[in-house]
>>> print(open('model-v9.txt').read())   # compact mmCIF, C-alpha atoms and all ligand atoms
# COMPACT_ATOMS: atom_id res chain seq x y z
CA MET A 1 132.00 116.04 198.89
CA LEU A 2 134.03 117.49 201.74
CA GLY A 3 134.51 115.57 204.99
CA VAL A 4 135.50 117.68 207.98
CA ALA A 5 136.90 116.00 211.09
CA GLY A 6 137.67 117.34 214.54
CA GLY A 7 141.02 119.02 214.16
CA ILE A 8 142.08 122.58 214.81
CA ALA A 9 142.50 123.11 211.04
CA ALA A 10 138.76 122.55 210.43
CA TYR A 11 138.14 126.29 210.13
CA LYS A 12 140.46 126.46 207.11
CA VAL A 13 138.26 124.06 205.20
CA ALA A 14 135.58 126.75 205.02
CA ILE A 15 137.96 128.54 202.64
CA VAL A 16 138.12 125.42 200.48
CA ALA A 17 134.33 125.12 200.44
CA SER A 18 133.94 128.77 199.51
CA GLY A 19 136.57 128.55 196.78
CA LEU A 20 134.84 125.56 195.22
CA VAL A 21 131.45 127.25 195.29
CA GLN A 22 132.97 130.33 193.64
CA ARG A 23 134.21 128.06 190.85
CA GLY A 24 130.70 126.73 190.28
CA VAL A 25 131.23 123.38 192.05
CA ASP A 26 128.33 121.85 194.01
CA VAL A 27 129.66 121.09 197.48
CA ARG A 28 128.13 118.88 200.16
CA VAL A 29 129.88 118.76 203.52
CA ALA A 30 129.90 115.98 206.11
CA MET A 31 131.16 116.64 209.63
CA THR A 32 132.14 114.35 212.49
CA PRO A 33 130.61 115.12 215.89
CA SER A 34 134.03 116.37 217.04
CA ALA A 35 134.28 118.72 214.05
CA LEU A 36 131.29 120.56 215.46
CA GLN A 37 133.49 121.58 218.40
CA PHE A 38 135.72 123.47 215.98
CA VAL A 39 133.37 124.91 213.30
CA GLY A 40 129.61 125.33 213.28
CA PRO A 41 127.49 123.59 210.66
CA ALA A 42 125.92 126.96 209.78
CA THR A 43 129.27 128.04 208.33
CA PHE A 44 129.37 125.19 205.85
CA GLY A 45 125.60 125.29 205.33
CA GLY A 46 125.76 128.97 204.47
CA LEU A 47 128.78 128.63 202.21
CA THR A 48 127.45 125.65 200.27
CA ASN A 49 123.71 126.34 200.38
CA SER A 50 123.26 122.75 201.52
CA GLN A 51 122.79 121.25 204.97
CA PRO A 52 125.90 119.43 206.17
CA ILE A 53 125.61 115.73 206.89
CA LEU A 54 125.98 115.49 210.64
CA SER A 55 124.92 111.95 211.39
CA SER A 56 125.36 108.53 209.85
CA THR A 57 121.60 108.05 210.08
CA GLN A 58 120.64 111.43 208.58
CA VAL A 59 117.79 111.48 206.10
CA ASP A 60 117.38 114.68 204.09
CA ALA A 61 114.14 116.66 204.02
CA ASP A 62 113.34 115.22 200.58
CA GLY A 63 113.58 111.68 201.97
CA THR A 64 116.95 110.85 200.44
CA VAL A 65 119.77 109.28 202.40
CA PRO A 66 122.78 111.53 201.78
CA HIS A 67 125.54 109.03 202.42
CA ILE A 68 124.13 107.07 199.48
CA GLU A 69 122.55 109.67 197.19
CA ALA A 70 125.09 112.48 197.49
CA ALA A 71 127.96 110.02 197.42
CA ARG A 72 126.73 108.47 194.19
CA ASP A 73 127.24 111.65 192.16
CA ALA A 74 130.41 112.90 193.84
CA GLY A 75 133.38 113.74 191.62
CA ILE A 76 135.80 113.67 194.54
CA TYR A 77 135.64 113.09 198.27
CA CYS A 78 138.14 115.22 200.17
CA ILE A 79 138.58 114.74 203.93
CA ALA A 80 140.26 117.72 205.58
CA PRO A 81 141.47 117.87 208.20
CA ALA A 82 141.89 114.10 208.35
CA THR A 83 142.40 113.38 212.05
CA ALA A 84 144.20 110.40 213.53
CA GLY A 85 140.77 109.03 214.40
CA VAL A 86 139.43 109.30 210.87
CA LEU A 87 142.61 107.81 209.43
CA ALA A 88 142.22 104.82 211.74
CA GLN A 89 138.64 104.39 210.63
CA LEU A 90 139.58 104.57 206.95
CA ALA A 91 142.32 102.01 207.46
CA SER A 92 140.04 99.61 209.32
CA GLY A 93 136.93 100.19 207.24
CA ALA A 94 135.00 101.43 210.27
CA ALA A 95 132.12 103.78 209.53
CA ASP A 96 131.18 105.20 212.91
CA ASP A 97 130.50 108.76 211.81
CA PRO A 98 129.29 110.38 208.57
CA VAL A 99 132.80 111.27 207.37
CA ALA A 100 134.07 107.70 207.64
CA LEU A 101 130.77 106.31 206.41
CA LEU A 102 131.01 108.34 203.20
CA ALA A 103 134.45 106.89 202.56
CA THR A 104 132.75 103.50 202.34
CA THR A 105 130.03 104.65 199.92
CA VAL A 106 131.72 106.99 197.43
CA ARG A 107 132.86 105.63 194.07
CA CYS A 108 134.98 108.68 193.23
CA PRO A 109 138.64 109.46 193.98
CA VAL A 110 139.34 110.07 197.68
CA LEU A 111 141.79 112.74 198.81
CA ILE A 112 142.72 113.11 202.46
CA CYS A 113 144.64 115.94 204.09
CA PRO A 114 145.97 114.75 207.46
CA ALA A 115 146.61 117.30 210.18
CA MET A 116 147.71 116.58 213.70
CA ASN A 117 150.39 117.08 216.29
CA ASP A 118 153.83 115.86 215.22
CA ALA A 119 153.91 113.14 217.89
CA MET A 120 150.60 111.81 216.62
CA TRP A 121 151.66 111.88 212.97
CA GLN A 122 154.91 110.04 213.74
CA LYS A 123 153.18 107.30 215.74
CA ASP A 124 153.52 103.87 214.13
CA SER A 125 149.79 103.28 214.22
CA VAL A 126 149.10 106.52 212.35
CA GLN A 127 151.86 105.93 209.79
CA GLN A 128 150.57 102.42 209.20
CA ALA A 129 147.02 103.71 208.75
CA ALA A 130 148.28 106.26 206.21
CA ALA A 131 150.19 103.55 204.35
CA ILE A 132 147.15 101.29 204.29
CA VAL A 133 144.84 103.90 202.83
CA ARG A 134 147.51 104.96 200.32
CA GLY A 135 147.79 101.34 199.28
CA ARG A 136 144.07 101.34 198.54
CA GLY A 137 144.43 104.26 196.16
CA VAL A 138 143.56 107.11 198.50
CA GLU A 139 145.61 110.23 197.78
CA VAL A 140 147.27 111.54 200.94
CA LEU A 141 148.18 115.23 200.62
CA GLY A 142 150.46 116.40 203.43
CA PRO A 143 150.86 116.99 206.25
CA VAL A 144 153.68 119.50 205.92
CA GLU A 145 156.19 121.03 208.27
CA GLY A 146 155.13 124.35 209.69
CA HIS A 147 153.62 126.14 212.63
CA LEU A 148 151.44 123.89 214.78
CA ALA A 149 148.72 125.08 217.12
CA GLU A 150 150.92 123.87 219.98
CA GLY A 151 153.20 126.84 219.28
CA TYR A 152 156.22 125.33 217.53
CA ASP A 153 157.21 124.29 214.01
CA ALA A 154 157.08 120.59 213.14
CA ILE A 155 155.52 118.08 210.77
CA GLY A 156 151.77 117.78 211.10
CA ARG A 157 150.36 121.01 209.69
CA MET A 158 147.58 120.61 207.15
CA VAL A 159 148.47 121.69 203.63
CA GLU A 160 147.19 125.17 202.90
CA PRO A 161 143.60 125.59 201.67
CA ALA A 162 144.85 126.87 198.30
CA ALA A 163 146.74 123.61 197.72
CA ILE A 164 143.67 121.55 198.62
CA LEU A 165 141.53 123.66 196.31
CA GLU A 166 144.03 123.29 193.49
CA ARG A 167 144.15 119.50 193.84
CA ILE A 168 140.37 119.13 194.01
CA CYS A 169 139.93 121.33 190.94
CA ALA A 170 142.57 119.32 189.06
CA VAL A 171 140.72 116.08 189.78
CA LEU A 172 137.38 117.61 188.82
CA GLY A 173 138.80 119.30 185.72
CA VAL A 174 137.60 122.68 186.96
CA ALA A 175 139.55 125.82 186.11
C1 LIG B 1 142.25 122.00 220.54
C2 LIG B 1 142.29 120.62 219.95
C3 LIG B 1 142.85 120.45 218.71
C4 LIG B 1 142.91 119.18 218.14
N1 LIG B 1 143.47 119.04 216.90
C5 LIG B 1 143.58 117.82 216.37
C6 LIG B 1 144.19 117.64 215.11
O1 LIG B 1 144.65 118.60 214.46
N2 LIG B 1 144.29 116.39 214.59
C7 LIG B 1 143.81 115.30 215.28
O2 LIG B 1 143.95 114.18 214.77
N3 LIG B 1 143.20 115.44 216.46
C8 LIG B 1 143.06 116.66 217.03
N4 LIG B 1 142.46 116.81 218.24
C9 LIG B 1 141.87 115.63 218.88
C10 LIG B 1 140.55 115.28 218.21
O3 LIG B 1 139.64 116.38 218.31
C11 LIG B 1 139.95 114.03 218.86
O4 LIG B 1 140.80 112.92 218.68
C12 LIG B 1 138.57 113.74 218.30
O5 LIG B 1 138.06 112.59 218.94
C13 LIG B 1 138.62 113.52 216.79
O6 LIG B 1 137.35 113.11 216.36
P1 LIG B 1 137.08 112.77 214.83
O7 LIG B 1 138.30 112.11 214.31
O8 LIG B 1 135.89 111.84 214.91
O9 LIG B 1 136.70 114.02 214.16
C14 LIG B 1 142.38 118.07 218.83
C15 LIG B 1 141.79 118.26 220.09
C16 LIG B 1 141.77 119.52 220.65
C17 LIG B 1 141.12 119.69 222.00
>>> encode(input="model-v9.txt", output="structure tokens")
Amino acid sequence: MLGVAGGIAAYKVAIVASGLVQRGVDVRVAMTPSALQFVGPATFGGLTNSQPILSSTQVDADGTVPHIEAARDAGIYCIAPATAGVLAQLASGAADDPVALLATTVRCPVLICPAMNDAMWQKDSVQQAAAIVRGRGVEVLGPVEGHLAEGYDAIGRMVEPAAILERICAVLGVA
């Protein structure tokens, strides 16, 4: 499962989805409402041959409830980019959108890839949220220093898609 939140790096997660599909991995994507401002659901739908989960109350055409059914069989749940908002939800246990909701239903390892402006990442509330989720066994990959959309280099850049792909494949045991 891939959870996509509303950050500028959302477009890079299409590369992760495509790479997984090319390795024979079944991918189901969930998107927050804000993520839809950055990437269209048709991109992930087309890449994964599966309709993204766009609402916490979505029921699939076959009558199944994806945040339960799809979550049950997941080998990993990767949230990228993990926004400040999603991090706060994970830390608090809130489940206000499908990405956060899935974090409460999956039984598999959870990997999050934060990405945000450096001021946001360095904020106490964000650091505390990251520490809380880490303490619960969530793997936090990045962010790294590098070029930010704001036009300067600083901490906050999402790790590169290749690194996310590599980590997911390692957890899944996929070559
Ligand atoms: C151009 C633009 C880029 C943004 N990039 C990020 C980002 O990288 N990380 C982040 O936490 N928020 C970012 N935001 C703010 C989020 O989109 C906003 O907080 C939104 O409510 C996040 O919703 P979500 O966490 O439910 O997906 C950005 C906003 C804009 C307008």
>>> closest_residue(input="model-v9.txt", among="A:Gly93, A:Gly135, A:Gly7, A:Gly45", to="ligand LIG 1 (chain B)", atoms="only C-alpha atoms and all ligand atoms")
A:Gly7
>>> residues_near_ligand(input="model-v9.txt", ligand="ligand LIG 1 (chain B)", cutoff="10 Å", atoms="all atoms listed in the file", output="PyMOL selection string")
chain A and resi 3-10+31-38+80-89+96-100+114-118+120-121+126+148-150+156-158
>>> write_last_selection(input="model-v9.txt", atoms="C-alpha atoms", output="mmCIF file, in the coordinates of the input")
data_model
loop_
_atom_site.group_PDB
_atom_site.id
_atom_site.type_symbol
_atom_site.label_atom_id
_atom_site.label_comp_id
_atom_site.auth_asym_id
_atom_site.auth_seq_id
_atom_site.Cartn_x
_atom_site.Cartn_y
_atom_site.Cartn_z
ATOM 1 C CA GLY A 3 134.510 115.570 204.990
ATOM 2 C CA VAL A 4 135.500 117.680 207.980
ATOM 3 C CA ALA A 5 136.900 116.000 211.090
ATOM 4 C CA GLY A 6 137.670 117.340 214.540
ATOM 5 C CA GLY A 7 141.020 119.020 214.160
ATOM 6 C CA ILE A 8 142.080 122.580 214.810
ATOM 7 C CA ALA A 9 142.500 123.110 211.040
ATOM 8 C CA ALA A 10 138.760 122.550 210.430
ATOM 9 C CA MET A 31 131.160 116.640 209.630
ATOM 10 C CA THR A 32 132.140 114.350 212.490
ATOM 11 C CA PRO A 33 130.610 115.120 215.890
ATOM 12 C CA SER A 34 134.030 116.370 217.040
ATOM 13 C CA ALA A 35 134.280 118.720 214.050
ATOM 14 C CA LEU A 36 131.290 120.560 215.460
ATOM 15 C CA GLN A 37 133.490 121.580 218.400
ATOM 16 C CA PHE A 38 135.720 123.470 215.980
ATOM 17 C CA ALA A 80 140.260 117.720 205.580
ATOM 18 C CA PRO A 81 141.470 117.870 208.200
ATOM 19 C CA ALA A 82 141.890 114.100 208.350
ATOM 20 C CA THR A 83 142.400 113.380 212.050
ATOM 21 C CA ALA A 84 144.200 110.400 213.530
ATOM 22 C CA GLY A 85 140.770 109.030 214.400
ATOM 23 C CA VAL A 86 139.430 109.300 210.870
ATOM 24 C CA LEU A 87 142.610 107.810 209.430
ATOM 25 C CA ALA A 88 142.220 104.820 211.740
ATOM 26 C CA GLN A 89 138.640 104.390 210.630
ATOM 27 C CA ASP A 96 131.180 105.200 212.910
ATOM 28 C CA ASP A 97 130.500 108.760 211.810
ATOM 29 C CA PRO A 98 129.290 110.380 208.570
ATOM 30 C CA VAL A 99 132.800 111.270 207.370
ATOM 31 C CA ALA A 100 134.070 107.700 207.640
ATOM 32 C CA PRO A 114 145.970 114.750 207.460
ATOM 33 C CA ALA A 115 146.610 117.300 210.180
ATOM 34 C CA MET A 116 147.710 116.580 213.700
ATOM 35 C CA ASN A 117 150.390 117.080 216.290
ATOM 36 C CA ASP A 118 153.830 115.860 215.220
ATOM 37 C CA MET A 120 150.600 111.810 216.620
ATOM 38 C CA TRP A 121 151.660 111.880 212.970
ATOM 39 C CA VAL A 126 149.100 106.520 212.350
ATOM 40 C CA LEU A 148 151.440 123.890 214.780
ATOM 41 C CA ALA A 149 148.720 125.080 217.120
ATOM 42 C CA GLU A 150 150.920 123.870 219.980
ATOM 43 C CA GLY A 156 151.770 117.780 211.100
ATOM 44 C CA ARG A 157 150.360 121.010 209.690
ATOM 45 C CA MET A 158 147.580 120.610 207.150
#
>>> residues_around(input="model-v9.txt", residues="stretch 62-71 of chain A", least_positions_apart="5", cutoff="10 Å", atoms="only C-alpha atoms", output="count of residues only")
22
>>> atom_distance(input="model-v9.txt", atom1="atom CA of A:Val144", atom2="atom CA of A:Gly40")
25.8 Å
>>> atom_distance(input="model-v9.txt", atom1="atom CA of A:Ala170", atom2="atom CA of A:Gln22")
15.3 Å
>>> atom_distance(input="model-v9.txt", atom1="atom CA of A:Arg134", atom2="atom CA of A:Val13")
21.8 Å
>>> closest_residue(input="model-v9.txt", among="A:Glu139, A:Gly75, A:Asp26, A:Ala129", to="A:Gly173", atoms="only C-alpha atoms")
A:Gly75
>>> closest_residue(input="model-v9.txt", among="A:Ser50, A:Ser92, A:Val39, A:Glu145", to="A:Val133", atoms="all atoms listed in the file")
A:Ser92
>>> closest_residue(input="model-v9.txt", among="A:Ala42, A:Pro109, A:Ala61, A:Arg23", to="A:Ala74", atoms="all atoms listed in the file")
A:Pro109
>>> closest_residue(input="model-v9.txt", among="A:Ile155, A:Val21, A:Ala131, A:Gly142", to="A:Ala119", atoms="all atoms listed in the file")
A:Ile155
>>> residues_around(input="model-v9.txt", residues="A:Ala175", least_positions_apart="3", cutoff="12 Å", atoms="all atoms listed in the file", output="list in words")
Gly19, Leu20, Gln22, Arg23, Gly24, Val25, Leu165, Glu166, Arg167, Ile168, Cys169, Ala170, Val171 and Leu172 of chain A
